[in-house]
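What follows is the content of start-v3.pdb (PDB, C-alpha atoms and all ligand atoms).
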ATOM      1  CA  MET W1007     101.249 108.268  90.846
ATOM      2  CA  CYS W1008     102.255 109.548  94.277
ATOM      3  CA  CYS W1009     104.752 111.924  92.637
ATOM      4  CA  ASP W1010     102.997 113.189  89.502
ATOM      5  CA  GLY W1011     100.265 115.290  91.084
ATOM      6  CA  SER W1012      97.540 112.654  90.626
ATOM      7  CA  LEU W1013      97.303 112.047  94.359
ATOM      8  CA  PHE W1014      98.914 114.968  96.107
ATOM      9  CA  GLY W1015      99.464 118.623  95.417
ATOM     10  CA  PHE W1016     101.931 119.159  98.218
ATOM     11  CA  VAL W1017     104.579 117.199 100.108
ATOM     12  CA  PRO W1018     105.730 118.405 103.530
ATOM     13  CA  LEU W1019     109.394 119.026 104.230
ATOM     14  CA  ARG W1020     111.253 119.087 107.499
ATOM     15  CA  ARG W1021     113.414 122.095 108.191
ATOM     16  CA  HIS W1022     116.656 120.164 107.748
ATOM     17  CA  GLU W1023     115.499 118.952 104.301
ATOM     18  CA  LEU W1024     115.076 122.428 102.850
ATOM     19  CA  GLU W1025     118.600 122.839 101.574
ATOM     20  CA  VAL W1026     118.578 119.522  99.713
ATOM     21  CA  ALA W1027     115.117 120.239  98.295
ATOM     22  CA  ARG W1028     116.217 123.631  97.008
ATOM     23  CA  ARG W1029     119.466 122.230  95.642
ATOM     24  CA  HIS W1030     117.447 119.749  93.614
ATOM     25  CA  ARG W1031     115.113 122.529  92.495
ATOM     26  CA  LEU W1032     111.977 121.018  93.969
ATOM     27  CA  HIS W1033     109.173 123.568  93.877
ATOM     28  CA  VAL W1034     109.492 124.595  97.508
ATOM     29  CA  VAL W1035     106.675 126.895  98.651
ATOM     30  CA  ALA W1036     107.569 130.307 100.058
ATOM     31  CA  SER W1037     107.036 129.234 103.668
ATOM     32  CA  GLY W1038     109.491 126.367 103.175
ATOM     33  CA  ARG W1039     107.011 123.917 104.686
ATOM     34  CA  GLY W1040     106.954 121.665 101.658
ATOM     35  CA  PHE W1041     107.062 121.440  97.896
ATOM     36  CA  GLU W1042     104.479 121.304  95.165
ATOM     37  CA  GLN W1043     103.540 118.385  92.967
ATOM     38  CA  PRO W1044     103.918 117.295  90.212
ATOM     39  CA  CYS W1045     107.426 116.776  91.493
ATOM     40  CA  SER W1046     110.175 118.301  89.407
ATOM     41  CA  ALA W1047     112.451 115.393  90.349
ATOM     42  CA  LEU W1048     110.227 112.894  88.597
ATOM     43  CA  ALA W1049     111.655 111.777  85.259
ATOM     44  CA  LEU W1050     109.358 110.374  82.618
ATOM     45  CA  HIS W1051     110.441 107.748  80.109
ATOM     46  CA  GLU W1052     107.978 107.102  77.336
ATOM     47  CA  SER W1053     108.136 104.550  74.591
ATOM     48  CA  SER W1054     105.548 103.548  72.030
ATOM     49  CA  ASP W1055     104.058 100.902  74.295
ATOM     50  CA  ASP W1056     104.947 101.959  77.828
ATOM     51  CA  ARG W1057     105.546 104.812  80.182
ATOM     52  CA  THR W1058     107.688 104.631  83.270
ATOM     53  CA  THR W1059     108.678 107.223  85.800
ATOM     54  CA  ARG W1060     111.625 107.446  88.135
ATOM     55  CA  CYS W1061     112.665 109.617  91.065
ATOM     56  CA  THR W1062     115.931 111.254  90.051
ATOM     57  CA  ILE W1063     116.877 112.071  93.655
ATOM     58  CA  TYR W1064     115.864 108.743  95.139
ATOM     59  CA  SER W1065     118.738 108.434  97.625
ATOM     60  CA  GLU W1066     118.067 111.976  98.872
ATOM     61  CA  ARG W1067     114.269 112.011  98.696
ATOM     62  CA  PRO W1068     112.499 113.657 101.634
ATOM     63  CA  GLU W1069     111.227 111.677 104.593
ATOM     64  CA  ALA W1070     107.596 112.151 103.582
ATOM     65  CA  CYS W1071     108.393 110.324 100.336
ATOM     66  CA  ARG W1072     110.263 107.564 102.146
ATOM     67  CA  ALA W1073     107.427 107.061 104.603
ATOM     68  CA  PHE W1074     104.650 106.817 102.032
ATOM     69  CA  THR W1075     103.372 103.357 101.153
ATOM     70  CA  CYS W1076     100.152 103.061  99.200
ATOM     71  CA  ARG W1077      97.571 100.388  99.945
ATOM     72  CA  LEU W1078      98.130  98.604  96.671
ATOM     73  CA  TYR W1079     101.835  98.114  97.365
ATOM     74  CA  ASP W1080     101.141  97.256 100.993
ATOM     75  CA  ARG W1081      98.652  94.508  99.996
ATOM     76  CA  GLN W1082     100.985  93.177  97.354
ATOM     77  CA  ARG W1083     103.846  93.069  99.847
ATOM     78  CA  ARG W1084     101.846  91.489 102.696
ATOM     79  CA  GLU W1085      99.949  88.973 100.610
ATOM     80  CA  GLY W1086     102.838  88.122  98.316
ATOM     81  CA  ASP W1087     100.737  88.558  95.183
ATOM     82  CA  PRO W1088     102.596  88.686  91.890
ATOM     83  CA  VAL W1089     103.685  92.239  91.192
ATOM     84  CA  ASP W1090     102.257  92.064  87.656
ATOM     85  CA  GLY W1091      98.712  92.489  88.928
ATOM     86  CA  ALA W1092      99.638  95.620  90.865
ATOM     87  CA  ILE W1093     101.471  97.061  87.876
ATOM     88  CA  ARG W1094      98.452  96.381  85.664
ATOM     89  CA  ARG W1095      96.308  98.201  88.201
ATOM     90  CA  VAL W1096      98.625 101.230  88.208
ATOM     91  CA  ARG W1097      98.619 101.335  84.421
ATOM     92  CA  HIS W1098      94.845 101.086  84.275
ATOM     93  CA  VAL W1099      94.348 103.912  86.763
ATOM     94  CA  ARG W1100      96.954 106.041  84.990
ATOM     95  CA  ALA W1101      95.004 105.510  81.786
ATOM     96  CA  LEU W1102      91.867 106.790  83.528
ATOM     97  CA  VAL W1103      93.760 109.888  84.681
ATOM     98  CA  ASP W1104      95.142 110.430  81.167
ATOM     99  CA  ALA W1105      91.700 110.031  79.574
ATOM    100  CA  LEU W1106      90.174 112.620  81.899
ATOM    101  CA  ARG W1107      93.106 114.976  81.334
ATOM    102  CA  ALA W1108      92.741 114.571  77.572
ATOM    103  CA  MET W1109      89.132 115.731  77.945
ATOM    104  CA  ARG W1110      90.455 118.619  80.075
ATOM    105  CA  LEU W1111      88.260 117.502  82.943
ATOM    106  CA  GLU W1112      89.205 118.182  86.542
ATOM    107  CA  PRO W1113      87.688 117.035  89.842
ATOM    108  CA  ALA W1114      85.731 120.304  90.077
ATOM    109  CA  ASP W1115      83.877 119.373  86.883
ATOM    110  CA  PHE W1116      82.366 116.369  88.643
ATOM    111  CA  ALA W1117      81.495 118.142  91.864
ATOM    112  CA  GLU W1118      77.889 118.583  92.820
ATOM    113  CA  GLY W1119      77.020 122.106  91.741
ATOM    114  CA  GLY W1120      80.341 122.400  89.889
ATOM    115  CA  PRO W1121      80.830 124.300  86.629
ATOM    116  CA  PRO W1122      78.198 123.017  84.179
ATOM    117  CA  GLY W1123      80.088 123.732  80.975
ATOM    118  CA  LYS W1124      82.662 121.053  80.325
ATOM    119  CA  LEU W1125      80.661 117.870  80.903
ATOM    120  CA  ALA W1126      77.585 119.317  79.239
ATOM    121  CA  ALA W1127      79.676 120.197  76.193
ATOM    122  CA  LEU W1128      80.654 116.552  75.658
ATOM    123  CA  LYS W1129      78.626 114.091  73.613
ATOM    124  CA  PRO W1130      76.244 112.353  76.041
ATOM    125  CA  SER W1131      77.962 108.966  75.584
ATOM    126  CA  LEU W1132      81.358 110.564  76.277
ATOM    127  CA  ALA W1133      80.018 112.360  79.336
ATOM    128  CA  VAL W1134      78.736 109.025  80.683
ATOM    129  CA  ARG W1135      82.133 107.419  80.099
ATOM    130  CA  ALA W1136      83.860 110.366  81.774
ATOM    131  CA  ARG W1137      81.606 110.072  84.829
ATOM    132  CA  GLU W1138      82.251 106.316  85.024
ATOM    133  CA  ALA W1139      86.011 106.851  84.720
ATOM    134  CA  TYR W1140      85.960 109.516  87.404
ATOM    135  CA  ALA W1141      83.903 107.301  89.742
ATOM    136  CA  GLU W1142      86.324 104.387  89.243
ATOM    137  CA  LEU W1143      89.295 106.686  89.708
ATOM    138  CA  THR W1144      88.079 108.188  92.983
ATOM    139  CA  GLN W1145      87.238 104.704  94.282
ATOM    140  CA  SER W1146      90.684 103.417  93.342
ATOM    141  CA  LEU W1147      92.466 106.414  94.842
ATOM    142  CA  GLU W1148      90.864 105.455  98.133
ATOM    143  CA  THR W1149      91.250 101.684  98.013
ATOM    144  CA  ASP W1150      94.589 101.396  96.196
ATOM    145  CA  PHE W1151      96.548 104.613  96.316
ATOM    146  CA  SER W1152      95.831 106.225  99.656
ATOM    147  CA  ARG W1153      98.288 105.744 102.487
ATOM    148  CA  ALA W1154      98.432 102.255 103.966
ATOM    149  CA  ASP W1155      97.771 102.296 107.728
TER     150      ASP W1155
HETATM  151  S1  LIG W1201     111.335 113.504  95.566
HETATM  152 FE1  LIG W1201     111.174 111.604  94.400
HETATM  153  S2  LIG W1201     109.857 110.274  95.675
HETATM  154 FE2  LIG W1201     109.553 112.398  96.401
HETATM  155  S3  LIG W1201     107.801 113.202  95.243
HETATM  156 FE3  LIG W1201     109.670 113.743  94.086
HETATM  157  S4  LIG W1201     109.914 112.081  92.575
HETATM  158 FE4  LIG W1201     108.531 111.350  94.188
END
Kindly return the structure encoded in the file as structure tokens.
Amino acid sequence: MCCDGSLFGFVPLRRHELEVARRHRLHVVASGRGFEQPCSALALHESSDDRTTRCTIYSERPEACRAFTCRLYDRQRREGDPVDGAIRRVRHVRALVDALRAMRLEPADFAEGGPPGKLAALKPSLAVRAREAYAELTQSLETDFSRAD
């Protein structure tokens, strides 16, 4: 999730990382200060019952990627919890993201004073579910997927 644009739109690069980033065709912005997400180095493998992703330049990934640890992974690592629970959590939150994307809803649609059209166009029960999913997603992005201190 930290590579597919769900969490970040931009990853900073150091000057000495530019050449490698360009060689791997990351979407480096014109200033060269970073690259855009979703990351073009992220490979998706989908099967009928699962979806996994993998960094295709893992050994050469930028320092910002190396340094990032989300809270969910940090808790799992510190507390020694079984990894299955964390993976279930990731899958659940991904499903929330996918459901909102399938409805073509974006964060702006849930903003106070945001565009009225999309949510209002949904069936009321669907709009309620979308609002609940968005609320759970934003909560989880903070408690599970933001940077561990
Ligand atoms: S370079 Fe690899 S670790 Fe960094 S954002 Fe892209 S896919 Fe993720």
Chain W near ligand LIG 1201 (chain W) within 9 Å: what's each residue's closest atom pair and its distance in Å to one decimal, counting all atoms listed in the file, ordered by chain then ascending residue number, as a Markdown table?
| residue | atom | partner | partner_atom | distance |
| --- | --- | --- | --- | --- |
| W:Met1007 | CA | W:LIG1201 | FE4 | 8.6 |
| W:Cys1008 | CA | W:LIG1201 | FE4 | 6.5 |
| W:Cys1009 | CA | W:LIG1201 | FE4 | 4.1 |
| W:Asp1010 | CA | W:LIG1201 | FE4 | 7.5 |
| W:Gly1011 | CA | W:LIG1201 | S3 | 8.9 |
| W:Phe1016 | CA | W:LIG1201 | S3 | 8.9 |
| W:Val1017 | CA | W:LIG1201 | S3 | 7.1 |
| W:Ala1027 | CA | W:LIG1201 | S1 | 8.2 |
| W:His1030 | CA | W:LIG1201 | S1 | 9.0 |
| W:Leu1032 | CA | W:LIG1201 | FE3 | 7.6 |
| W:Phe1041 | CA | W:LIG1201 | S3 | 8.7 |
| W:Glu1042 | CA | W:LIG1201 | S3 | 8.8 |
| W:Gln1043 | CA | W:LIG1201 | S3 | 7.1 |
| W:Pro1044 | CA | W:LIG1201 | S3 | 7.6 |
| W:Cys1045 | CA | W:LIG1201 | FE3 | 4.6 |
| W:Ser1046 | CA | W:LIG1201 | FE3 | 6.6 |
| W:Ala1047 | CA | W:LIG1201 | S4 | 4.7 |
| W:Leu1048 | CA | W:LIG1201 | S4 | 4.1 |
| W:Ala1049 | CA | W:LIG1201 | S4 | 7.5 |
| W:Thr1059 | CA | W:LIG1201 | S4 | 8.4 |
| W:Arg1060 | CA | W:LIG1201 | S4 | 6.6 |
| W:Cys1061 | CA | W:LIG1201 | S4 | 4.0 |
| W:Thr1062 | CA | W:LIG1201 | FE1 | 6.5 |
| W:Ile1063 | CA | W:LIG1201 | FE1 | 5.8 |
| W:Tyr1064 | CA | W:LIG1201 | FE1 | 5.5 |
| W:Ser1065 | CA | W:LIG1201 | FE1 | 8.8 |
| W:Glu1066 | CA | W:LIG1201 | S1 | 7.7 |
| W:Arg1067 | CA | W:LIG1201 | S1 | 4.5 |
| W:Pro1068 | CA | W:LIG1201 | FE2 | 6.1 |
| W:Glu1069 | CA | W:LIG1201 | FE2 | 8.4 |
| W:Ala1070 | CA | W:LIG1201 | FE2 | 7.4 |
| W:Cys1071 | CA | W:LIG1201 | FE2 | 4.6 |
| W:Arg1072 | CA | W:LIG1201 | S2 | 7.0 |
| W:Phe1074 | CA | W:LIG1201 | S2 | 8.9 |
Calculated over only C-alpha atoms, which of the candidates W:Asp1115, W:Asp1155, W:Asp1055, W:Glu1142 has the smallest distance to Val1099 in chain W?
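Among the listed residues, the smallest separation from Val1099 in chain W belongs to W:Glu1142.
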Determine the residue membership of the PyMOL selection byres (((chain W and resi 1109) around 12) and not hetatm) for the file above and supply it as a PyMOL selection string.
chain W and resi 1102-1108+1110-1112+1115+1124-1125+1127-1129+1132-1133+1135-1137+1139-1140
Starting from the displayed file, determine the output of the PyMOL selection byres (((chain W and resi 1081-1094) around 12) and not hetatm) and express the residue list as a count of residues only.
23
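For the pair CA of Leu1024 in chain W and CA of Gly1038 in chain W, the interatomic distance is 6.8 Å.
Of the listed residues (W:Val1134, W:Pro1113, W:Ser1054, W:Val1034), W:Pro1113 comes nearest to Ser1012 in chain W; the distances count all atoms listed in the file.
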Could you please determine the separation between CA of Glu1118 in chain W and CA of Pro1130 in chain W in Å, to one decimal place?
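Computed distance, CA of Glu1118 in chain W to CA of Pro1130 in chain W, equals 18.0 Å.
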CA of Ser1131 in chain W and CA of Phe1116 in chain W are how many Å apart?
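Going from CA of Ser1131 in chain W over to CA of Phe1116 in chain W covers 15.6 Å.
Nearest residue to Leu1019 in chain W among W:His1033, W:Ala1117, W:Gly1040, W:Ala1126 is W:Gly1040, counting all atoms listed in the file.
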The centre and edge lengths of an axis-aligned box containing all atoms of range 1027-1045 of chain W present in the file, extended by 4 Å on each side, are to be given in Å to one decimal, as AutoDock Vina command-line options.
--center_x 111.5 --center_y 123.5 --center_z 97.4 --size_x 23.9 --size_y 21.5 --size_z 22.5
